[in-house]
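Pasting start39.pdb here (PDB, C-alpha atoms and all ligand atoms):
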MODEL        1
ATOM      1  CA  MET Z   1      -5.491  30.259  29.066
ATOM      2  CA  LYS Z   2      -6.167  26.522  28.946
ATOM      3  CA  ASN Z   3      -5.772  24.422  32.039
ATOM      4  CA  ARG Z   4      -3.348  21.695  31.004
ATOM      5  CA  THR Z   5      -4.350  18.139  31.781
ATOM      6  CA  ALA Z   6      -1.076  16.284  31.150
ATOM      7  CA  GLU Z   7       1.593  16.020  33.848
ATOM      8  CA  CYS Z   8       4.405  18.265  32.644
ATOM      9  CA  ARG Z   9       7.204  18.539  35.163
ATOM     10  CA  VAL Z  10       9.266  21.700  34.814
ATOM     11  CA  VAL Z  11      12.233  22.123  37.163
ATOM     12  CA  VAL Z  12      13.653  25.632  37.484
ATOM     13  CA  VAL Z  13      17.128  25.973  39.011
ATOM     14  CA  GLY Z  14      17.712  29.579  40.001
ATOM     15  CA  SER Z  15      17.408  32.651  42.151
ATOM     16  CA  VAL Z  16      14.827  33.850  44.661
ATOM     17  CA  ASN Z  17      14.760  37.556  45.570
ATOM     18  CA  ALA Z  18      12.757  40.124  47.437
ATOM     19  CA  ASP Z  19      12.195  42.970  44.964
ATOM     20  CA  LEU Z  20      12.398  46.469  46.459
ATOM     21  CA  LEU Z  21      10.797  48.396  43.634
ATOM     22  CA  ALA Z  22      10.811  52.208  43.574
ATOM     23  CA  ARG Z  23       8.776  54.109  40.991
ATOM     24  CA  VAL Z  24      10.438  57.353  39.954
ATOM     25  CA  ALA Z  25       9.538  60.152  37.571
ATOM     26  CA  ARG Z  26      13.220  60.435  36.725
ATOM     27  CA  ARG Z  27      16.302  58.418  37.706
ATOM     28  CA  PRO Z  28      18.917  60.267  39.797
ATOM     29  CA  GLY Z  29      22.186  61.248  38.162
ATOM     30  CA  LEU Z  30      25.564  60.738  39.826
ATOM     31  CA  GLY Z  31      25.580  62.393  43.261
ATOM     32  CA  GLU Z  32      21.929  63.440  42.917
ATOM     33  CA  THR Z  33      18.912  62.690  45.142
ATOM     34  CA  VAL Z  34      15.406  62.552  43.692
ATOM     35  CA  ILE Z  35      12.067  62.057  45.445
ATOM     36  CA  GLY Z  36      10.419  58.791  44.388
ATOM     37  CA  GLN Z  37       6.708  58.070  43.929
ATOM     38  CA  SER Z  38       6.251  54.702  45.680
ATOM     39  CA  LEU Z  39       8.080  51.709  47.106
ATOM     40  CA  THR Z  40       6.811  48.134  47.042
ATOM     41  CA  VAL Z  41       8.377  44.956  48.357
ATOM     42  CA  SER Z  42       7.317  41.900  46.381
ATOM     43  CA  PRO Z  43       8.536  38.421  45.395
ATOM     44  CA  GLY Z  44      11.066  38.275  42.558
ATOM     45  CA  GLY Z  45      14.283  36.703  41.328
ATOM     46  CA  LYS Z  46      14.638  35.365  37.810
ATOM     47  CA  GLY Z  47      14.406  31.718  38.907
ATOM     48  CA  ALA Z  48      11.379  32.227  41.142
ATOM     49  CA  ASN Z  49       9.670  34.425  38.537
ATOM     50  CA  GLN Z  50      10.152  31.825  35.822
ATOM     51  CA  ALA Z  51       8.910  29.057  38.111
ATOM     52  CA  LEU Z  52       5.777  31.055  38.941
ATOM     53  CA  ALA Z  53       5.113  31.923  35.291
ATOM     54  CA  ALA Z  54       5.368  28.217  34.398
ATOM     55  CA  ALA Z  55       3.054  27.248  37.276
ATOM     56  CA  ARG Z  56       0.548  30.001  36.482
ATOM     57  CA  THR Z  57       0.377  28.780  32.874
ATOM     58  CA  GLY Z  58      -0.497  25.281  34.006
ATOM     59  CA  ALA Z  59       2.764  23.375  34.470
ATOM     60  CA  ASP Z  60       3.664  21.122  37.369
ATOM     61  CA  VAL Z  61       6.767  22.939  38.679
ATOM     62  CA  ALA Z  62       9.590  22.457  41.191
ATOM     63  CA  LEU Z  63      12.173  25.109  42.112
ATOM     64  CA  VAL Z  64      15.767  24.414  43.199
ATOM     65  CA  GLY Z  65      17.225  27.404  45.034
ATOM     66  CA  ALA Z  66      17.741  29.033  48.429
ATOM     67  CA  VAL Z  67      16.453  31.795  50.670
ATOM     68  CA  GLY Z  68      17.968  33.254  53.825
ATOM     69  CA  ASP Z  69      16.735  33.219  57.409
ATOM     70  CA  ASP Z  70      15.612  36.870  57.464
ATOM     71  CA  GLU Z  71      12.344  38.781  57.233
ATOM     72  CA  TYR Z  72      12.300  38.613  53.415
ATOM     73  CA  ALA Z  73      12.356  34.806  53.065
ATOM     74  CA  ALA Z  74       8.668  33.981  53.563
ATOM     75  CA  GLY Z  75       7.396  36.813  51.357
ATOM     76  CA  ALA Z  76       9.833  35.926  48.571
ATOM     77  CA  LEU Z  77       8.230  32.459  48.329
ATOM     78  CA  SER Z  78       4.631  33.440  49.082
ATOM     79  CA  LEU Z  79       3.177  33.433  45.553
ATOM     80  CA  LEU Z  80       5.044  30.238  44.666
ATOM     81  CA  ARG Z  81       3.488  28.574  47.725
ATOM     82  CA  ASP Z  82       0.042  29.778  46.656
ATOM     83  CA  SER Z  83       0.614  28.282  43.199
ATOM     84  CA  ASP Z  84       1.455  24.830  44.634
ATOM     85  CA  THR Z  85       4.998  24.948  43.258
ATOM     86  CA  ASP Z  86       7.151  22.221  44.832
ATOM     87  CA  LEU Z  87       9.555  24.147  47.109
ATOM     88  CA  SER Z  88      11.099  21.104  48.820
ATOM     89  CA  ALA Z  89      14.412  21.809  47.014
ATOM     90  CA  VAL Z  90      14.562  25.437  48.208
ATOM     91  CA  ALA Z  91      17.077  25.529  51.071
ATOM     92  CA  SER Z  92      16.912  27.885  54.030
ATOM     93  CA  GLU Z  93      20.432  29.194  54.656
ATOM     94  CA  SER Z  94      21.893  31.174  57.574
ATOM     95  CA  THR Z  95      22.322  34.325  55.545
ATOM     96  CA  SER Z  96      20.216  37.027  53.915
ATOM     97  CA  THR Z  97      17.621  36.378  51.226
ATOM     98  CA  GLY Z  98      18.580  37.727  47.793
ATOM     99  CA  VAL Z  99      17.402  41.297  47.256
ATOM    100  CA  ALA Z 100      16.875  43.254  44.037
ATOM    101  CA  VAL Z 101      16.814  47.054  44.184
ATOM    102  CA  ILE Z 102      14.742  48.127  41.190
ATOM    103  CA  THR Z 103      13.825  51.537  39.814
ATOM    104  CA  VAL Z 104      10.970  51.812  37.327
ATOM    105  CA  GLY Z 105      10.633  54.998  35.294
ATOM    106  CA  PRO Z 106       7.513  56.545  33.729
ATOM    107  CA  ASP Z 107       8.063  54.577  30.517
ATOM    108  CA  GLY Z 108       7.842  51.274  32.469
ATOM    109  CA  ASP Z 109      11.523  50.483  31.862
ATOM    110  CA  ASN Z 110      13.571  49.302  34.804
ATOM    111  CA  SER Z 111      17.128  49.172  36.098
ATOM    112  CA  ILE Z 112      18.096  46.550  38.666
ATOM    113  CA  ILE Z 113      20.867  45.895  41.208
ATOM    114  CA  VAL Z 114      20.873  42.363  42.667
ATOM    115  CA  ILE Z 115      22.491  41.447  45.986
ATOM    116  CA  PRO Z 116      22.641  37.629  45.757
ATOM    117  CA  GLY Z 117      22.556  36.661  49.455
ATOM    118  CA  ALA Z 118      21.413  33.016  49.738
ATOM    119  CA  ASN Z 119      21.402  32.635  45.944
ATOM    120  CA  GLY Z 120      25.184  32.575  46.235
ATOM    121  CA  THR Z 121      24.951  29.203  48.033
ATOM    122  CA  VAL Z 122      23.280  27.466  45.064
ATOM    123  CA  GLY Z 123      26.525  26.130  43.610
ATOM    124  CA  ARG Z 124      27.507  22.703  42.287
ATOM    125  CA  GLU Z 125      27.091  20.784  45.553
ATOM    126  CA  ALA Z 126      23.729  22.315  46.401
ATOM    127  CA  VAL Z 127      22.387  21.585  42.915
ATOM    128  CA  ALA Z 128      23.808  18.049  42.876
ATOM    129  CA  ARG Z 129      21.721  17.273  45.998
ATOM    130  CA  HIS Z 130      18.690  17.395  43.706
ATOM    131  CA  ALA Z 131      20.158  15.312  40.879
ATOM    132  CA  GLY Z 132      17.140  12.977  40.728
ATOM    133  CA  LEU Z 133      14.615  15.812  40.554
ATOM    134  CA  ILE Z 134      16.561  17.570  37.781
ATOM    135  CA  ALA Z 135      17.249  14.392  35.799
ATOM    136  CA  GLY Z 136      13.565  13.444  35.961
ATOM    137  CA  ALA Z 137      12.256  16.733  34.566
ATOM    138  CA  ALA Z 138      10.746  17.045  31.096
ATOM    139  CA  VAL Z 139      12.124  20.586  30.958
ATOM    140  CA  VAL Z 140      14.918  22.126  33.055
ATOM    141  CA  VAL Z 141      15.205  25.927  33.128
ATOM    142  CA  VAL Z 142      18.317  27.874  34.174
ATOM    143  CA  GLN Z 143      19.286  31.548  34.305
ATOM    144  CA  MET Z 144      22.464  33.229  35.595
ATOM    145  CA  GLU Z 145      21.713  34.639  39.076
ATOM    146  CA  ILE Z 146      23.236  31.675  40.957
ATOM    147  CA  PRO Z 147      26.932  30.671  40.930
ATOM    148  CA  ARG Z 148      28.295  29.577  37.585
ATOM    149  CA  ASP Z 149      29.059  26.032  38.760
ATOM    150  CA  GLY Z 150      25.455  25.629  39.927
ATOM    151  CA  VAL Z 151      24.166  26.464  36.452
ATOM    152  CA  GLU Z 152      26.738  24.164  34.836
ATOM    153  CA  GLU Z 153      25.783  21.295  37.180
ATOM    154  CA  ALA Z 154      22.076  21.728  36.448
ATOM    155  CA  ALA Z 155      22.805  21.649  32.706
ATOM    156  CA  ARG Z 156      24.944  18.544  33.175
ATOM    157  CA  LEU Z 157      22.252  16.733  35.174
ATOM    158  CA  ALA Z 158      19.359  17.585  32.835
ATOM    159  CA  THR Z 159      18.224  14.704  30.655
ATOM    160  CA  GLY Z 160      15.103  16.467  29.376
ATOM    161  CA  ARG Z 161      14.898  19.663  27.349
ATOM    162  CA  LEU Z 162      17.188  22.425  28.663
ATOM    163  CA  VAL Z 163      15.917  26.022  28.477
ATOM    164  CA  VAL Z 164      18.760  28.489  29.102
ATOM    165  CA  ASN Z 165      18.003  32.151  29.791
ATOM    166  CA  TYR Z 166      21.398  33.879  29.467
ATOM    167  CA  ALA Z 167      20.505  36.674  31.896
ATOM    168  CA  PRO Z 168      22.340  38.409  33.336
ATOM    169  CA  VAL Z 169      25.370  37.992  31.055
ATOM    170  CA  VAL Z 170      28.170  36.299  33.016
ATOM    171  CA  PRO Z 171      31.098  34.028  32.100
ATOM    172  CA  ILE Z 172      29.795  30.439  31.722
ATOM    173  CA  ASP Z 173      30.912  27.208  30.069
ATOM    174  CA  PRO Z 174      29.930  27.750  26.395
ATOM    175  CA  ASP Z 175      28.648  24.157  26.323
ATOM    176  CA  VAL Z 176      25.720  25.259  28.528
ATOM    177  CA  LEU Z 177      24.656  27.622  25.740
ATOM    178  CA  ARG Z 178      25.240  24.977  23.059
ATOM    179  CA  ARG Z 179      22.973  22.534  24.926
ATOM    180  CA  ALA Z 180      20.201  25.143  25.176
ATOM    181  CA  ASP Z 181      16.964  24.153  23.447
ATOM    182  CA  PRO Z 182      16.165  26.998  23.270
ATOM    183  CA  LEU Z 183      18.608  29.683  24.358
ATOM    184  CA  VAL Z 184      16.349  32.602  25.380
ATOM    185  CA  VAL Z 185      18.016  36.019  25.137
ATOM    186  CA  ASN Z 186      17.230  39.660  24.462
ATOM    187  CA  GLU Z 187      19.187  41.498  21.741
ATOM    188  CA  HIS Z 188      22.106  42.437  24.044
ATOM    189  CA  GLU Z 189      22.344  38.979  25.592
ATOM    190  CA  ALA Z 190      22.221  37.438  22.108
ATOM    191  CA  ALA Z 191      25.273  39.450  21.030
ATOM    192  CA  ALA Z 192      27.117  38.545  24.266
ATOM    193  CA  ALA Z 193      26.244  34.856  23.787
ATOM    194  CA  ALA Z 194      27.592  34.997  20.223
ATOM    195  CA  SER Z 195      30.823  36.562  21.559
ATOM    196  CA  LEU Z 196      31.099  33.909  24.274
ATOM    197  CA  LEU Z 197      30.652  31.097  21.768
ATOM    198  CA  ALA Z 198      33.169  32.632  19.367
ATOM    199  CA  SER Z 199      35.865  33.586  21.868
ATOM    200  CA  GLY Z 200      35.145  31.928  25.225
ATOM    201  CA  SER Z 201      34.402  35.314  26.873
ATOM    202  CA  PRO Z 202      31.124  37.293  26.930
ATOM    203  CA  ASP Z 203      33.241  40.444  27.391
ATOM    204  CA  ALA Z 204      35.128  39.987  24.135
ATOM    205  CA  ALA Z 205      34.555  42.691  21.515
ATOM    206  CA  PRO Z 206      30.990  42.201  20.246
ATOM    207  CA  LEU Z 207      30.802  40.260  17.013
ATOM    208  CA  ALA Z 208      29.559  42.123  13.965
ATOM    209  CA  VAL Z 209      26.447  39.963  13.640
ATOM    210  CA  GLY Z 210      24.204  42.513  11.886
ATOM    211  CA  THR Z 211      20.464  42.141  12.469
ATOM    212  CA  GLU Z 212      18.826  40.100  15.218
ATOM    213  CA  ALA Z 213      18.034  37.464  12.586
ATOM    214  CA  ASP Z 214      21.735  37.328  11.664
ATOM    215  CA  CYS Z 215      22.544  36.965  15.357
ATOM    216  CA  ALA Z 216      20.079  34.071  15.724
ATOM    217  CA  GLN Z 217      21.683  32.447  12.688
ATOM    218  CA  ALA Z 218      25.183  32.971  14.139
ATOM    219  CA  LEU Z 219      24.112  31.318  17.412
ATOM    220  CA  ILE Z 220      22.723  28.289  15.574
ATOM    221  CA  GLU Z 221      25.896  28.049  13.453
ATOM    222  CA  ALA Z 222      27.942  28.181  16.685
ATOM    223  CA  GLY Z 223      26.154  25.020  17.836
ATOM    224  CA  VAL Z 224      23.175  26.252  19.900
ATOM    225  CA  ARG Z 225      20.277  23.800  19.425
ATOM    226  CA  SER Z 226      17.539  26.414  19.110
ATOM    227  CA  VAL Z 227      17.134  30.122  19.841
ATOM    228  CA  ALA Z 228      14.413  32.542  20.974
ATOM    229  CA  ILE Z 229      15.344  36.246  20.893
ATOM    230  CA  THR Z 230      12.895  38.496  22.762
ATOM    231  CA  LEU Z 231      12.518  41.959  21.251
ATOM    232  CA  GLY Z 232      10.226  43.704  23.745
ATOM    233  CA  GLU Z 233       7.511  45.665  21.993
ATOM    234  CA  ARG Z 234       8.667  44.207  18.660
ATOM    235  CA  GLY Z 235       7.784  40.631  19.686
ATOM    236  CA  ALA Z 236      10.361  37.862  19.320
ATOM    237  CA  LEU Z 237      12.002  35.655  16.778
ATOM    238  CA  ILE Z 238      12.861  31.989  16.941
ATOM    239  CA  CYS Z 239      14.992  29.496  15.076
ATOM    240  CA  ASP Z 240      14.304  25.839  15.801
ATOM    241  CA  GLY Z 241      17.688  24.451  14.769
ATOM    242  CA  PRO Z 242      20.159  24.195  11.889
ATOM    243  CA  GLY Z 243      18.554  24.559   8.479
ATOM    244  CA  ARG Z 244      15.277  25.824   9.984
ATOM    245  CA  PRO Z 245      13.894  29.275   9.142
ATOM    246  CA  ILE Z 246      14.097  32.314  11.405
ATOM    247  CA  VAL Z 247      10.456  32.888  12.339
ATOM    248  CA  PRO Z 248       9.208  36.269  13.644
ATOM    249  CA  ILE Z 249       6.709  36.050  16.522
ATOM    250  CA  PRO Z 250       4.449  39.109  16.249
ATOM    251  CA  ALA Z 251       4.239  41.584  19.095
ATOM    252  CA  ILE Z 252       0.987  42.192  20.956
ATOM    253  CA  PRO Z 253       0.561  45.986  21.152
ATOM    254  CA  VAL Z 254      -0.041  47.027  24.778
ATOM    255  CA  GLN Z 255       0.643  50.026  27.010
ATOM    256  CA  ALA Z 256       3.544  49.005  29.294
ATOM    257  CA  VAL Z 257       3.469  50.258  32.886
ATOM    258  CA  ASP Z 258       6.278  48.054  34.261
ATOM    259  CA  THR Z 259       8.484  45.666  32.288
ATOM    260  CA  THR Z 260      10.051  44.090  35.420
ATOM    261  CA  GLY Z 261       9.970  40.304  35.075
ATOM    262  CA  ALA Z 262       8.453  40.322  31.574
ATOM    263  CA  GLY Z 263      11.386  38.332  30.207
ATOM    264  CA  ASP Z 264      10.888  35.812  33.028
ATOM    265  CA  ALA Z 265       7.167  35.573  32.206
ATOM    266  CA  PHE Z 266       8.194  34.701  28.636
ATOM    267  CA  VAL Z 267      10.713  32.050  29.758
ATOM    268  CA  GLY Z 268       8.373  30.393  32.287
ATOM    269  CA  ALA Z 269       5.392  30.292  29.929
ATOM    270  CA  LEU Z 270       7.622  28.998  27.126
ATOM    271  CA  ALA Z 271       8.949  26.191  29.350
ATOM    272  CA  ALA Z 272       5.410  25.199  30.374
ATOM    273  CA  ALA Z 273       4.250  25.040  26.761
ATOM    274  CA  LEU Z 274       7.331  23.073  25.650
ATOM    275  CA  ALA Z 275       6.793  20.592  28.490
ATOM    276  CA  ASP Z 276       3.250  20.219  27.198
ATOM    277  CA  GLY Z 277       4.533  19.266  23.736
ATOM    278  CA  PHE Z 278       3.978  22.492  21.794
ATOM    279  CA  THR Z 279       6.409  23.427  19.026
ATOM    280  CA  LEU Z 280       8.915  26.193  19.768
ATOM    281  CA  GLU Z 281       7.010  28.554  17.449
ATOM    282  CA  ASP Z 282       3.643  27.928  19.153
ATOM    283  CA  ALA Z 283       5.231  28.043  22.616
ATOM    284  CA  ALA Z 284       6.875  31.388  21.796
ATOM    285  CA  GLY Z 285       3.521  32.759  20.618
ATOM    286  CA  MET Z 286       1.919  31.824  23.952
ATOM    287  CA  ALA Z 287       4.908  33.167  25.892
ATOM    288  CA  THR Z 288       4.648  36.506  24.050
ATOM    289  CA  SER Z 289       1.000  36.804  25.165
ATOM    290  CA  VAL Z 290       1.938  36.107  28.785
ATOM    291  CA  ALA Z 291       4.769  38.677  28.693
ATOM    292  CA  ALA Z 292       2.440  41.265  27.106
ATOM    293  CA  TYR Z 293      -0.102  40.647  29.898
ATOM    294  CA  SER Z 294       2.584  41.115  32.562
ATOM    295  CA  VAL Z 295       3.939  44.479  31.342
ATOM    296  CA  GLN Z 296       0.473  46.028  31.735
ATOM    297  CA  ARG Z 297       0.625  45.450  35.507
ATOM    298  CA  PRO Z 298       3.154  46.515  38.154
ATOM    299  CA  GLY Z 299       5.831  44.231  39.583
ATOM    300  CA  ALA Z 300       7.216  40.895  38.464
ATOM    301  CA  GLN Z 301       5.322  37.892  39.874
ATOM    302  CA  ALA Z 302       2.271  39.912  40.881
ATOM    303  CA  SER Z 303       1.778  40.818  37.202
ATOM    304  CA  TYR Z 304       1.571  37.239  35.891
ATOM    305  CA  PRO Z 305      -1.736  35.799  34.684
ATOM    306  CA  SER Z 306      -3.288  32.804  36.415
ATOM    307  CA  VAL Z 307      -4.412  29.575  34.802
ATOM    308  CA  GLU Z 308      -7.971  30.995  34.684
ATOM    309  CA  THR Z 309      -6.921  34.200  32.853
ATOM    310  CA  THR Z 310      -8.145  34.677  29.294
ATOM    311  CA  LEU Z 311      -5.306  36.328  27.376
TER     312      LEU Z 311
HETATM  313  O1  LIG Z 401      14.052  39.656  35.745
HETATM  314  C1  LIG Z 401      13.507  40.426  36.782
HETATM  315  C2  LIG Z 401      14.094  40.019  38.075
HETATM  316  O2  LIG Z 401      15.471  40.335  38.067
HETATM  317  C3  LIG Z 401      13.542  40.751  39.287
HETATM  318  O3  LIG Z 401      12.427  40.098  39.848
HETATM  319  C4  LIG Z 401      14.739  40.838  40.220
HETATM  320  O4  LIG Z 401      14.614  40.080  41.371
HETATM  321  C5  LIG Z 401      15.938  40.401  39.385
HETATM  322  O5  LIG Z 401      16.338  39.145  39.704
ENDMDL
END
Show this structure as structure tokens.
Amino acid sequence: MKNRTAECRVVVVGSVNADLLARVARRPGLGETVIGQSLTVSPGGKGANQALAAARTGADVALVGAVGDDEYAAGALSLLRDSDTDLSAVASESTSTGVAVITVGPDGDNSIIVIPGANGTVGREAVARHAGLIAGAAVVVVQMEIPRDGVEEAARLATGRLVVNYAPVVPIDPDVLRRADPLVVNEHEAAAAASLLASGSPDAAPLAVGTEADCAQALIEAGVRSVAITLGERGALICDGPGRPIVPIPAIPVQAVDTTGAGDAFVGALAAALADGFTLEDAAGMATSVAAYSVQRPGAQASYPSVETTL
């Protein structure tokens, strides 16, 4: 990967977690106990992951968020510290650090339970304390693991390009999605976003939007500025605004060992490339390479390439 020379300030507003990741040969059924293969504790959280992916791909990054005052706090921020990410807007709160309980199966697929802890304090007031930082960013990135009014405030304060990762799917002001440039979603999140924009609720009956390309088109017609739909091992597709074509971004065939945080690798690398002036299509191509690199290694942040990595 190239070391960028231009100053490209990316501000990520979002969650910080400690990931408790158990590898299992098979997930337990209801009422069942299975013996796992390994347990690791490593830094995670969609916001922190995206910030690290942006920093590791050469961007100048700041994170707005919060950790608790427990034994997980320092470890959750350790790789961000090593990457020189600006953590001055990460508060230390008198509560627990966010924790994600993750199981990864033999196919590399994961299931995740998040206990928000300190992430739950990153609401409107906490975000508004960093209004200058957010307003001064070339690219602001948000996801949905902090309170809804924190995401809405970050979107309101952003004057640069707003990258919205609608994950996990939660109720949110539809205007946040409309302002997204791009809205980054997987297939399921894309359908939920289309429902939210059509009805005001992500839980409304899914719209009959047909293929992923139809869904991207429906999102653009509903007012979203641009869209990137990630399709896992099938790559991604993008649409850079009304009247623009739906462009497939080819997959990079790899053997996945752990997909945890791959979507965040995509979002962070995309934000870094957009801040550096690349087109959405070129940025999505780079982001696909970074995500493909990450799924070949275990964990979320620990699997991200560094600026020196040749992809
Ligand atoms: O997207 C992956 C992330 O989701 C994990 O790192 C976990 O912390 C959860 O937030």
Contacts of Z:Asn17 at 9 Å (all atoms listed in the file; same-chain gap of 3+ positions) as a PyMOL selection string:
chain Z and resi 42-48+67+72-73+76-77+97-100+114-117+119
With the file shown as input, list the residues that the PyMOL selection byres (((chain Z and resi 296) around 10) and not hetatm) selects, as JSON, numbers by chain.
{"Z": [108, 254, 255, 256, 257, 258, 259, 262, 291, 292, 293, 294, 295, 297, 298, 299, 303, 304]}
Identify which of the residues Z:Asp264, Z:Asp203, Z:Asp107, Z:Glu93 lies closest to ligand LIG 401 (chain Z), counting only C-alpha atoms and all ligand atoms when measuring atom-to-atom distances.
Z:Asp264
Specify as a ChimeraX atom specification each residue included when the PyMOL selection byres (((chain Z and resi 138) around 7) and not hetatm) is applied to this file.
/Z:8-10,136-137,139-140,160-161,275
Rank nothing, just name the residue among Z:Leu162, Z:Ile102, Z:Ala89, Z:Ala59 nearest to ligand LIG 401 (chain Z), using all atoms listed in the file.
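Checking each of Z:Leu162, Z:Ile102, Z:Ala89, Z:Ala59 against ligand LIG 401 (chain Z), counting all atoms listed in the file, the winner is Z:Ile102.
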Please check which residues have atoms at most 10 Å from (3.3, 31.5, 16.0) in the file's coordinates, counting all atoms listed in the file, and write them as a PyMOL selection string.
chain Z and resi 237-238+247-250+279-286+288
Using the chain letters and numbers from the file, give me the residues hit by the PyMOL selection byres (((chain Z and resi 148-150) around 10) and not hetatm), as a ChimeraX atom specification.
/Z:13-14,65,120-128,142-147,151-156,170-173
Find the spatial neighbours of Z:Ser88, counting all atoms listed in the file, within a cut-off of 10 Å - ignore same-chain residues fewer than 4 positions away - and output them as number ranges by chain.
Z: 62-65, 130
Identify which of the residues Z:Ile220, Z:Ile246, Z:Ile112, Z:Ala204 lies closest to ligand LIG 401 (chain Z), counting only C-alpha atoms and all ligand atoms when measuring atom-to-atom distances.
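Closest residue, counting only C-alpha atoms and all ligand atoms: Z:Ile112.
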With distances taken over all atoms listed in the file, which of Z:Ala273, Z:Ala265, Z:Ala251, Z:Leu219 is nearest to ligand LIG 401 (chain Z)?
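The answer is Z:Ala265, which sits nearest to ligand LIG 401 (chain Z).
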For atom CA of Z:Asn110 and atom CA of Z:Thr57, determine how far apart the two atoms are, in Å to one decimal place.
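Computed distance, atom CA of Z:Asn110 to atom CA of Z:Thr57, equals 24.5 Å.
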Taking all atoms of stretch 116-133 of chain Z that the file lists, what box with edges along x, y and z, padded by 6 Å per side, do you get, with centre and edge lengths in Å to one decimal, as AutoDock Vina command-line options?
--center_x 21.1 --center_y 25.3 --center_z 45.1 --size_x 24.9 --size_y 36.7 --size_z 21.2
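Interatomic distance, atom CA of Z:Gly243 against atom CA of Z:Asn165: 22.6 Å.
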